[in-house]
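Visitor: This is the structure I have questions about; it appears just below.
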Amino acid sequence: MLPTLVDGAPSREEALVLRLRRGEAAAVAEVFDLHGRAVRAFARRFVGDDAAADDLLQEVFVALPSVIRRWEERSSLRTFLIGIAVNHARHHVRAAARRRAATERLAAEPGAHGTDPEQDARRRELARALQRALDELPLDQRAAFVLCEVEERTAAEVSVIVGAPEATVRTRLFHARKRLRVALEREGAR
Amino acid sequence: MSDDLLKEAARALRESTEGDEPDTDTLARSRSDILRTLHHERRSSSIRVAFLLPIAAVLAGGTALAAASGRLPELVDRAASALGLAVAPRESSGPGTVARGGARAPAAPRVVATAATAPEPVLAPEPPAAAPASPESPPAARAAASAAPAPAPPGAVPTAHASSGAPGPAPSGSVEPAADALYRRAHEAHFAKKQPAAALALWDEYLAAAPRGRFAVEARYNRALCLVRLGRRAEARAALAPFAEGKVGTYRQEEAQALLAALGGP
(Lines give C-alpha, C1' and ligand atoms only; values in the text may rest on other atoms or scores of the structure.)
Protein backbone atom coordinates (compact mmCIF):
# COMPACT_ATOMS: atom_id res chain seq x y z
CA MET A 1 0.00 0.00 0.00
CA LEU A 2 1.30 3.40 -0.89
CA PRO A 3 1.74 5.98 1.83
CA THR A 4 -1.15 8.26 2.50
CA LEU A 5 -1.36 11.27 0.26
CA VAL A 6 -1.65 13.83 2.98
CA ASP A 7 1.81 14.00 4.36
CA GLY A 8 3.73 16.76 6.05
CA ALA A 9 2.28 19.32 8.38
CA PRO A 10 -0.73 21.05 6.87
CA SER A 11 0.55 24.43 7.94
CA ARG A 12 3.73 23.91 6.00
CA GLU A 13 1.77 22.87 2.93
CA GLU A 14 -0.52 25.85 3.26
CA ALA A 15 2.45 28.17 3.53
CA LEU A 16 4.00 26.53 0.49
CA VAL A 17 0.81 26.95 -1.50
CA LEU A 18 0.67 30.63 -0.56
CA ARG A 19 4.24 31.09 -1.73
CA LEU A 20 3.52 29.18 -4.94
CA ARG A 21 0.60 31.47 -5.61
CA ARG A 22 2.89 34.42 -5.15
CA GLY A 23 5.08 32.92 -7.85
CA GLU A 24 8.12 32.12 -5.72
CA ALA A 25 10.50 29.87 -7.59
CA ALA A 26 11.99 28.71 -4.30
CA ALA A 27 8.58 27.35 -3.35
CA VAL A 28 8.51 25.26 -6.53
CA ALA A 29 11.90 23.88 -5.57
CA GLU A 30 10.62 22.99 -2.12
CA VAL A 31 7.54 21.27 -3.50
CA PHE A 32 9.80 19.37 -5.84
CA ASP A 33 11.93 18.23 -2.92
CA LEU A 34 8.83 17.08 -1.07
CA HIS A 35 6.85 15.46 -3.83
CA GLY A 36 9.09 15.21 -6.89
CA ARG A 37 10.01 11.59 -6.24
CA ALA A 38 6.40 10.51 -5.82
CA VAL A 39 5.31 12.34 -8.94
CA ARG A 40 8.18 10.82 -10.88
CA ALA A 41 7.22 7.34 -9.67
CA PHE A 42 3.64 7.86 -10.77
CA ALA A 43 4.79 9.28 -14.10
CA ARG A 44 6.98 6.23 -14.66
CA ARG A 45 4.08 3.87 -13.99
CA PHE A 46 1.71 5.92 -16.03
CA VAL A 47 3.75 6.44 -19.16
CA GLY A 48 5.91 3.33 -18.76
CA ASP A 49 9.09 4.95 -19.93
CA ASP A 50 11.89 6.65 -17.98
CA ALA A 51 12.60 9.39 -20.50
CA ALA A 52 8.92 10.26 -20.87
CA ALA A 53 8.49 10.15 -17.10
CA ASP A 54 11.33 12.66 -16.66
CA ASP A 55 9.79 14.94 -19.27
CA LEU A 56 6.40 14.69 -17.63
CA LEU A 57 7.90 15.42 -14.22
CA GLN A 58 9.42 18.62 -15.53
CA GLU A 59 6.21 19.62 -17.25
CA VAL A 60 4.24 19.20 -14.04
CA PHE A 61 6.53 21.47 -12.03
CA VAL A 62 6.91 24.06 -14.76
CA ALA A 63 3.11 24.26 -15.01
CA LEU A 64 2.67 24.35 -11.24
CA PRO A 65 2.97 28.15 -10.65
CA SER A 66 0.20 28.87 -13.13
CA VAL A 67 -2.19 26.01 -12.35
CA ILE A 68 -1.88 26.44 -8.58
CA ARG A 69 -3.90 29.65 -8.89
CA ARG A 70 -6.93 27.64 -9.98
CA TRP A 71 -6.53 24.97 -7.34
CA GLU A 72 -9.41 24.81 -4.89
CA GLU A 73 -7.46 22.88 -2.24
CA ARG A 74 -9.90 20.02 -2.04
CA SER A 75 -7.06 17.49 -1.90
CA SER A 76 -3.50 17.30 -0.76
CA LEU A 77 -0.83 19.04 -2.76
CA ARG A 78 0.59 15.71 -3.84
CA THR A 79 -2.78 14.57 -5.16
CA PHE A 80 -3.02 17.84 -7.02
CA LEU A 81 0.41 17.28 -8.57
CA ILE A 82 -0.58 13.78 -9.69
CA GLY A 83 -3.67 15.34 -11.25
CA ILE A 84 -1.49 17.78 -13.20
CA ALA A 85 0.58 14.85 -14.37
CA VAL A 86 -2.51 13.01 -15.61
CA ASN A 87 -3.66 16.12 -17.45
CA HIS A 88 -0.28 16.64 -19.08
CA ALA A 89 0.44 12.99 -19.81
CA ARG A 90 -1.33 12.58 -23.12
CA HIS A 91 1.50 13.26 -25.53
CA HIS A 92 4.09 11.66 -23.23
CA VAL A 93 2.04 8.48 -23.19
CA ARG A 94 1.87 8.51 -26.95
CA ALA A 95 5.59 9.17 -27.27
CA ALA A 96 6.45 6.40 -24.83
CA ALA A 97 4.10 3.99 -26.59
CA ARG A 98 5.76 4.78 -29.90
CA ARG A 99 9.20 4.14 -28.41
CA ARG A 100 8.03 0.85 -26.93
CA ALA A 101 6.55 -0.24 -30.21
CA ALA A 102 9.80 0.64 -31.99
CA THR A 103 11.99 -1.27 -29.56
CA GLU A 104 9.57 -4.21 -29.73
CA ARG A 105 9.93 -4.25 -33.47
CA LEU A 106 13.67 -4.26 -33.17
CA ALA A 107 13.48 -6.89 -30.42
CA ALA A 108 15.97 -4.82 -28.53
CA GLU A 109 14.10 -3.61 -25.49
CA PRO A 110 16.78 -3.02 -22.90
CA GLY A 111 16.76 -5.45 -20.06
CA ALA A 112 14.40 -7.85 -21.77
CA HIS A 113 16.70 -10.75 -21.12
CA GLY A 114 18.53 -9.92 -17.95
CA THR A 115 20.23 -12.25 -15.58
CA ASP A 116 17.42 -12.17 -12.99
CA PRO A 117 16.17 -15.42 -11.60
CA GLU A 118 13.38 -17.06 -13.56
CA GLN A 119 10.59 -15.74 -11.35
CA ASP A 120 11.83 -12.18 -11.59
CA ALA A 121 12.15 -12.48 -15.32
CA ARG A 122 8.58 -13.75 -15.57
CA ARG A 123 7.27 -10.87 -13.47
CA ARG A 124 9.23 -8.33 -15.46
CA GLU A 125 7.83 -9.77 -18.65
CA LEU A 126 4.34 -9.62 -17.17
CA ALA A 127 4.87 -5.95 -16.26
CA ARG A 128 6.06 -5.17 -19.74
CA ALA A 129 3.09 -6.99 -21.25
CA LEU A 130 0.77 -4.92 -19.09
CA GLN A 131 2.56 -1.74 -20.13
CA ARG A 132 2.09 -2.63 -23.78
CA ALA A 133 -1.56 -3.41 -23.12
CA LEU A 134 -1.96 -0.06 -21.35
CA ASP A 135 -0.76 1.64 -24.51
CA GLU A 136 -3.90 0.43 -26.23
CA LEU A 137 -6.24 2.03 -23.70
CA PRO A 138 -7.78 5.46 -23.92
CA LEU A 139 -6.01 7.86 -21.58
CA ASP A 140 -8.96 8.08 -19.16
CA GLN A 141 -9.09 4.32 -18.71
CA ARG A 142 -5.33 4.11 -18.47
CA ALA A 143 -5.32 6.71 -15.69
CA ALA A 144 -8.10 4.89 -13.84
CA PHE A 145 -6.26 1.57 -14.02
CA VAL A 146 -2.81 2.87 -13.11
CA LEU A 147 -4.12 4.96 -10.23
CA CYS A 148 -6.51 2.34 -8.84
CA GLU A 149 -4.74 -0.94 -9.55
CA VAL A 150 -1.07 -0.14 -9.83
CA GLU A 151 -0.91 2.70 -7.33
CA GLU A 152 -3.72 1.21 -5.21
CA ARG A 153 -5.55 4.46 -4.68
CA THR A 154 -9.21 4.55 -3.76
CA ALA A 155 -11.83 5.50 -6.32
CA ALA A 156 -12.61 8.59 -4.26
CA GLU A 157 -9.03 9.70 -4.39
CA VAL A 158 -8.77 9.00 -8.10
CA SER A 159 -11.94 10.95 -8.74
CA VAL A 160 -10.26 14.00 -7.18
CA ILE A 161 -7.11 13.48 -9.22
CA VAL A 162 -8.80 13.11 -12.58
CA GLY A 163 -11.65 15.49 -11.79
CA ALA A 164 -14.42 13.00 -12.55
CA PRO A 165 -17.16 11.47 -10.37
CA GLU A 166 -16.34 8.26 -8.53
CA ALA A 167 -18.89 6.32 -10.54
CA THR A 168 -17.18 7.45 -13.72
CA VAL A 169 -13.82 6.32 -12.36
CA ARG A 170 -15.29 2.89 -11.55
CA THR A 171 -16.80 2.63 -15.01
CA ARG A 172 -13.48 3.53 -16.61
CA LEU A 173 -11.75 0.98 -14.42
CA PHE A 174 -14.27 -1.70 -15.40
CA HIS A 175 -13.70 -1.09 -19.11
CA ALA A 176 -9.94 -0.85 -18.61
CA ARG A 177 -9.82 -4.23 -16.89
CA LYS A 178 -11.95 -5.78 -19.59
CA ARG A 179 -9.75 -4.51 -22.38
CA LEU A 180 -6.54 -5.33 -20.54
CA ARG A 181 -7.63 -8.92 -20.02
CA VAL A 182 -8.18 -9.26 -23.75
CA ALA A 183 -4.87 -7.60 -24.54
CA LEU A 184 -2.93 -9.73 -22.07
CA GLU A 185 -4.55 -12.86 -23.42
CA ARG A 186 -3.35 -11.87 -26.83
CA GLU A 187 0.12 -11.14 -25.43
CA GLY A 188 0.16 -14.52 -23.70
CA ALA A 189 -0.69 -16.20 -26.96
CA ARG A 190 2.41 -14.78 -28.67
CA MET B 1 -7.23 -14.67 -18.31
CA SER B 2 -8.32 -14.40 -14.71
CA ASP B 3 -8.54 -11.32 -12.54
CA ASP B 4 -5.71 -12.80 -10.50
CA LEU B 5 -3.35 -12.62 -13.42
CA LEU B 6 -4.36 -9.02 -14.13
CA LYS B 7 -3.75 -8.17 -10.49
CA GLU B 8 -0.43 -9.95 -10.62
CA ALA B 9 0.49 -7.96 -13.70
CA ALA B 10 -0.45 -4.73 -11.92
CA ARG B 11 1.64 -5.75 -8.93
CA ALA B 12 4.53 -6.67 -11.20
CA LEU B 13 4.33 -3.29 -12.86
CA ARG B 14 4.24 -1.54 -9.50
CA GLU B 15 7.18 -3.49 -8.16
CA SER B 16 9.20 -3.20 -11.32
CA THR B 17 8.93 0.57 -11.21
CA GLU B 18 9.62 0.81 -7.50
CA GLY B 19 13.17 -0.27 -8.13
CA ASP B 20 13.49 2.11 -11.06
CA GLU B 21 13.45 5.34 -9.14
CA PRO B 22 15.86 7.87 -10.56
CA ASP B 23 19.01 8.52 -8.64
CA THR B 24 19.57 11.72 -6.76
CA ASP B 25 21.63 13.21 -9.58
CA THR B 26 18.86 12.68 -12.09
CA LEU B 27 16.33 14.27 -9.78
CA ALA B 28 18.67 17.17 -9.07
CA ARG B 29 19.13 17.68 -12.79
CA SER B 30 15.36 17.72 -13.29
CA ARG B 31 15.03 20.16 -10.43
CA SER B 32 17.54 22.60 -11.86
CA ASP B 33 16.01 22.27 -15.34
CA ILE B 34 12.61 23.15 -13.90
CA LEU B 35 13.94 26.18 -12.05
CA ARG B 36 15.83 27.36 -15.11
CA THR B 37 12.70 27.01 -17.27
CA LEU B 38 10.63 28.90 -14.72
CA HIS B 39 13.21 31.67 -14.52
CA HIS B 40 13.31 31.94 -18.30
CA GLU B 41 9.51 32.04 -18.52
CA ARG B 42 9.33 34.74 -15.88
CA ARG B 43 11.90 36.85 -17.73
CA SER B 44 10.02 36.43 -21.01
CA SER B 45 6.84 37.43 -19.28
CA SER B 46 8.50 40.54 -17.82
CA ILE B 47 9.79 41.51 -21.24
CA ARG B 48 6.32 41.06 -22.73
CA VAL B 49 4.83 43.24 -20.02
CA ALA B 50 7.54 45.88 -20.50
CA PHE B 51 6.63 46.12 -24.18
CA LEU B 52 2.90 45.63 -24.05
CA LEU B 53 2.08 47.81 -21.07
CA PRO B 54 3.14 51.11 -22.67
CA ILE B 55 1.34 50.15 -25.88
CA ALA B 56 -1.81 49.33 -23.93
CA ALA B 57 -1.49 52.59 -22.01
CA VAL B 58 -1.15 54.61 -25.22
CA LEU B 59 -4.16 52.81 -26.71
CA ALA B 60 -6.25 53.37 -23.60
CA GLY B 61 -5.25 57.02 -23.42
CA GLY B 62 -5.96 57.55 -27.11
CA THR B 63 -9.33 55.88 -26.80
CA ALA B 64 -10.24 57.99 -23.79
CA LEU B 65 -9.19 61.13 -25.62
CA ALA B 66 -11.21 60.15 -28.69
CA ALA B 67 -14.20 59.36 -26.52
CA ALA B 68 -13.91 62.70 -24.76
CA SER B 69 -13.71 64.56 -28.04
CA GLY B 70 -16.66 62.63 -29.47
CA ARG B 71 -14.62 61.17 -32.29
CA LEU B 72 -14.48 57.62 -30.96
CA PRO B 73 -17.29 56.12 -33.10
CA GLU B 74 -15.79 57.66 -36.18
CA LEU B 75 -12.34 56.33 -35.35
CA VAL B 76 -13.71 52.88 -34.60
CA ASP B 77 -15.53 52.85 -37.91
CA ARG B 78 -12.43 53.97 -39.74
CA ALA B 79 -10.28 51.37 -38.07
CA ALA B 80 -12.81 48.63 -38.76
CA SER B 81 -13.14 49.73 -42.33
CA ALA B 82 -9.35 49.78 -42.76
CA LEU B 83 -9.20 46.26 -41.37
CA GLY B 84 -11.90 45.14 -43.76
CA LEU B 85 -14.36 44.41 -40.98
CA ALA B 86 -18.03 45.06 -41.50
CA VAL B 87 -19.21 47.91 -39.34
CA ALA B 88 -22.68 47.84 -37.96
CA PRO B 89 -24.27 50.76 -39.74
CA ARG B 90 -25.38 53.67 -37.66
CA GLU B 91 -28.81 54.61 -38.77
CA SER B 92 -30.79 57.72 -38.62
CA SER B 93 -33.54 56.95 -36.20
CA GLY B 94 -32.37 56.49 -32.65
CA PRO B 95 -29.78 54.82 -30.53
CA GLY B 96 -30.34 51.58 -28.79
CA THR B 97 -32.75 50.29 -31.35
CA VAL B 98 -31.71 47.37 -33.43
CA ALA B 99 -32.80 47.60 -36.98
CA ARG B 100 -33.08 44.90 -39.58
CA GLY B 101 -29.95 42.81 -39.90
CA GLY B 102 -28.89 43.60 -36.38
CA ALA B 103 -27.78 47.09 -37.27
CA ARG B 104 -27.77 49.57 -34.48
CA ALA B 105 -30.12 52.44 -35.16
CA PRO B 106 -28.73 55.93 -35.14
CA ALA B 107 -29.68 58.75 -32.93
CA ALA B 108 -32.20 61.43 -33.06
CA PRO B 109 -30.19 64.40 -31.99
CA ARG B 110 -30.19 65.99 -28.62
CA VAL B 111 -29.50 69.65 -28.45
CA VAL B 112 -26.33 70.20 -26.53
CA ALA B 113 -26.27 73.12 -24.17
CA THR B 114 -23.27 75.36 -24.48
CA ALA B 115 -22.10 78.40 -22.63
CA ALA B 116 -23.23 80.56 -25.54
CA THR B 117 -26.76 79.22 -25.70
CA ALA B 118 -29.43 78.71 -23.18
CA PRO B 119 -29.68 75.16 -21.94
CA GLU B 120 -32.15 73.16 -23.88
CA PRO B 121 -33.83 69.98 -22.76
CA VAL B 122 -33.28 66.65 -24.29
CA LEU B 123 -35.44 66.07 -27.30
CA ALA B 124 -38.89 64.80 -26.73
CA PRO B 125 -39.23 61.07 -27.14
CA GLU B 126 -39.70 59.83 -30.63
CA PRO B 127 -42.97 58.03 -31.07
CA PRO B 128 -42.42 54.39 -31.84
CA ALA B 129 -43.56 54.45 -35.42
CA ALA B 130 -41.78 53.34 -38.49
CA ALA B 131 -42.97 54.32 -41.91
CA PRO B 132 -45.32 51.56 -42.96
CA ALA B 133 -46.27 51.19 -46.52
CA SER B 134 -49.87 51.89 -47.32
CA PRO B 135 -51.81 49.16 -49.06
CA GLU B 136 -51.83 51.10 -52.28
CA SER B 137 -48.14 51.80 -52.14
CA PRO B 138 -46.10 50.58 -55.05
CA PRO B 139 -43.63 47.75 -54.36
CA ALA B 140 -40.75 50.16 -54.19
CA ALA B 141 -42.54 52.25 -51.62
CA ARG B 142 -43.26 49.15 -49.56
CA ALA B 143 -39.61 48.23 -49.80
CA ALA B 144 -38.73 51.73 -48.71
CA ALA B 145 -40.98 51.35 -45.74
CA SER B 146 -39.36 48.10 -44.77
CA ALA B 147 -35.93 49.64 -45.23
CA ALA B 148 -36.79 52.60 -43.12
CA PRO B 149 -34.79 52.83 -39.93
CA ALA B 150 -36.41 51.76 -36.73
CA PRO B 151 -38.09 54.47 -34.69
CA ALA B 152 -36.24 56.19 -31.96
CA PRO B 153 -36.88 55.24 -28.37
CA PRO B 154 -37.83 57.83 -25.82
CA GLY B 155 -34.99 60.05 -24.76
CA ALA B 156 -32.85 59.16 -27.69
CA VAL B 157 -29.38 60.60 -27.53
CA PRO B 158 -27.13 60.70 -30.53
CA THR B 159 -23.96 58.80 -30.09
CA ALA B 160 -23.36 57.54 -33.55
CA HIS B 161 -21.74 58.96 -36.51
CA ALA B 162 -21.78 57.78 -40.06
CA SER B 163 -19.55 54.94 -41.09
CA SER B 164 -16.41 55.37 -43.08
CA GLY B 165 -16.75 57.44 -46.16
CA ALA B 166 -19.43 59.53 -44.57
CA PRO B 167 -18.94 63.23 -44.32
CA GLY B 168 -17.14 64.32 -41.23
CA PRO B 169 -18.77 66.07 -38.35
CA ALA B 170 -19.70 69.69 -38.66
CA PRO B 171 -17.62 72.13 -36.72
CA SER B 172 -18.97 72.51 -33.26
CA GLY B 173 -20.75 75.71 -32.42
CA SER B 174 -24.17 77.23 -32.66
CA VAL B 175 -24.71 75.73 -36.14
CA GLU B 176 -24.83 72.26 -34.67
CA PRO B 177 -27.76 72.73 -32.27
CA ALA B 178 -29.76 74.49 -34.96
CA ALA B 179 -29.06 71.72 -37.43
CA ASP B 180 -29.93 69.15 -34.82
CA ALA B 181 -33.26 70.84 -34.29
CA LEU B 182 -33.88 70.62 -38.03
CA TYR B 183 -32.96 66.97 -37.98
CA ARG B 184 -35.41 66.39 -35.16
CA ARG B 185 -38.22 68.05 -37.08
CA ALA B 186 -37.44 66.10 -40.23
CA HIS B 187 -37.32 62.90 -38.26
CA GLU B 188 -40.66 63.62 -36.68
CA ALA B 189 -42.28 64.43 -40.00
CA HIS B 190 -40.84 61.32 -41.55
CA PHE B 191 -41.39 58.71 -38.87
CA ALA B 192 -44.03 60.11 -36.54
CA LYS B 193 -46.30 62.08 -38.82
CA LYS B 194 -45.52 59.98 -41.88
CA GLN B 195 -45.54 62.98 -44.17
CA PRO B 196 -42.92 62.16 -46.81
CA ALA B 197 -43.30 65.43 -48.69
CA ALA B 198 -42.86 67.54 -45.57
CA ALA B 199 -40.07 65.28 -44.37
CA LEU B 200 -38.29 65.60 -47.72
CA ALA B 201 -38.33 69.37 -47.46
CA LEU B 202 -37.01 69.21 -43.92
CA TRP B 203 -34.29 66.71 -44.81
CA ASP B 204 -33.22 69.07 -47.60
CA GLU B 205 -33.28 71.94 -45.14
CA TYR B 206 -31.14 70.00 -42.70
CA LEU B 207 -28.67 69.04 -45.40
CA ALA B 208 -28.44 72.63 -46.58
CA ALA B 209 -27.76 73.76 -43.03
CA ALA B 210 -25.30 71.02 -42.22
CA PRO B 211 -24.06 69.35 -45.38
CA ARG B 212 -21.27 67.74 -43.37
CA GLY B 213 -23.23 67.50 -40.16
CA ARG B 214 -23.19 64.65 -37.73
CA PHE B 215 -26.27 63.10 -39.31
CA ALA B 216 -25.75 64.10 -42.90
CA VAL B 217 -25.44 60.53 -44.10
CA GLU B 218 -28.56 59.43 -42.27
CA ALA B 219 -30.42 62.45 -43.56
CA ARG B 220 -29.42 61.63 -47.14
CA TYR B 221 -30.64 58.10 -46.77
CA ASN B 222 -33.93 59.19 -45.21
CA ARG B 223 -34.32 61.76 -47.96
CA ALA B 224 -33.94 58.97 -50.50
CA LEU B 225 -36.66 57.02 -48.72
CA CYS B 226 -38.97 60.01 -48.94
CA LEU B 227 -38.32 60.22 -52.68
CA VAL B 228 -39.19 56.53 -53.01
CA ARG B 229 -42.42 57.01 -51.11
CA LEU B 230 -43.30 60.03 -53.19
CA GLY B 231 -42.80 57.99 -56.38
CA ARG B 232 -39.98 60.21 -57.64
CA ARG B 233 -38.16 57.18 -58.89
CA ALA B 234 -35.38 58.77 -60.90
CA GLU B 235 -34.40 61.06 -58.05
CA ALA B 236 -34.73 58.20 -55.60
CA ARG B 237 -32.42 56.06 -57.70
CA ALA B 238 -29.85 58.85 -57.85
CA ALA B 239 -30.10 59.38 -54.10
CA LEU B 240 -29.79 55.69 -53.31
CA ALA B 241 -26.96 54.96 -55.73
CA PRO B 242 -24.10 56.17 -53.47
CA PHE B 243 -25.39 53.93 -50.65
CA ALA B 244 -25.86 50.93 -52.91
CA GLU B 245 -22.39 51.39 -54.37
CA GLY B 246 -20.83 51.56 -50.94
CA LYS B 247 -19.61 55.10 -51.34
CA VAL B 248 -20.58 55.72 -47.73
CA GLY B 249 -19.15 52.49 -46.48
CA THR B 250 -21.49 49.70 -45.60
CA TYR B 251 -24.13 52.02 -44.19
CA ARG B 252 -27.54 50.83 -45.47
CA GLN B 253 -25.82 49.34 -48.48
CA GLU B 254 -27.91 46.19 -48.68
CA GLU B 255 -31.16 48.06 -48.15
CA ALA B 256 -30.24 50.58 -50.82
CA GLN B 257 -29.43 47.80 -53.25
CA ALA B 258 -32.76 46.13 -52.50
CA LEU B 259 -34.59 49.39 -53.01
CA LEU B 260 -32.84 50.05 -56.30
CA ALA B 261 -33.76 46.56 -57.45
CA ALA B 262 -37.37 47.18 -56.45
CA LEU B 263 -37.40 50.53 -58.25
CA GLY B 264 -36.28 48.88 -61.44
CA GLY B 265 -34.58 50.57 -64.38
CA PRO B 266 -35.24 54.10 -65.59
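Going through the C-alpha coordinates in order, the chains are called A, B, and so on, while each chain numbers its residues from 1 and the ligands are numbered from 1 in the order shown.
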Please return, as number ranges by chain, all residues of chain B lying within 10 Å of chain A when only C-alpha atoms are considered.

Guide: B: 1-3, 5-24, 26-28, 30-39, 41-42

Visitor: Please list as a ChimeraX atom specification every residue within 10 Å of Ala97 in chain A, counting only C-alpha atoms and excluding residues in the same chain fewer than 2 positions away.

Guide: /A:47-49,52,91-95,99-103,131-136

Visitor: Neighbouring residues of Ser75 in chain A were defined as those with any atom within 8 Å, considering only C-alpha atoms; residues of the same chain fewer than 4 positions away were excluded. Please report them as a PyMOL selection string.

Guide: chain A and resi 79-80+160

Visitor: Just want the 12 Å neighbourhood of range 235-238 of chain B, counted on only C-alpha atoms, with same-chain residues fewer than 6 positions away dropped. Output as a PyMOL selection string.

Guide: chain B and resi 140-141+144+200+220-229+244-245+256-266

Visitor: Between A:Ala53, A:Val31, A:Val17, A:Ala96, single out the one closest to Glu72 in chain A, counting only C-alpha atoms.

Guide: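 Looking at the shortest contact to Glu72 in chain A, the residue is A:Val17.
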
Visitor: From the options B:Pro54, B:Pro196, B:Pro211, B:Gly62, which residue's atoms come nearest to Arg232 in chain B, counting only C-alpha atoms?

Guide: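 Result for the nearest residue to Arg232 in chain B: B:Pro196.
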
Visitor: CA of Leu139 in chain A and CA of Ala167 in chain A, how far apart in Å?

Guide: 17.0 Å

Visitor: Can you list, as a list in words, every protein, DNA or RNA residue that comes within 9 Å of Arg185 in chain B when you count only C-alpha atoms, leaving out same-chain residues fewer than 6 positions away?

Guide: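 Result of the neighbour search: Ala199, Leu202 and Trp203 of chain B.
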
Visitor: Per DSSP on the backbone, what are the helix (DSSP H, G or I) residues of range 30-180 of chain A, as JSON, numbers by chain?

Guide: {"A": [30, 31, 32, 33, 34, 35, 36, 37, 38, 39, 40, 41, 42, 43, 44, 45, 46, 47, 50, 51, 52, 53, 54, 55, 56, 57, 58, 59, 60, 61, 62, 63, 64, 65, 66, 67, 68, 69, 70, 77, 78, 79, 80, 81, 82, 83, 84, 85, 86, 87, 88, 90, 91, 92, 93, 94, 95, 96, 97, 98, 99, 100, 101, 102, 103, 104, 105, 106, 118, 119, 120, 121, 122, 123, 124, 125, 126, 127, 128, 129, 130, 131, 132, 133, 134, 139, 140, 141, 142, 143, 144, 145, 146, 147, 148, 149, 150, 155, 156, 157, 158, 159, 160, 161, 162, 166, 167, 168, 169, 170, 171, 172, 173, 174, 175, 176, 177, 178, 179, 180]}
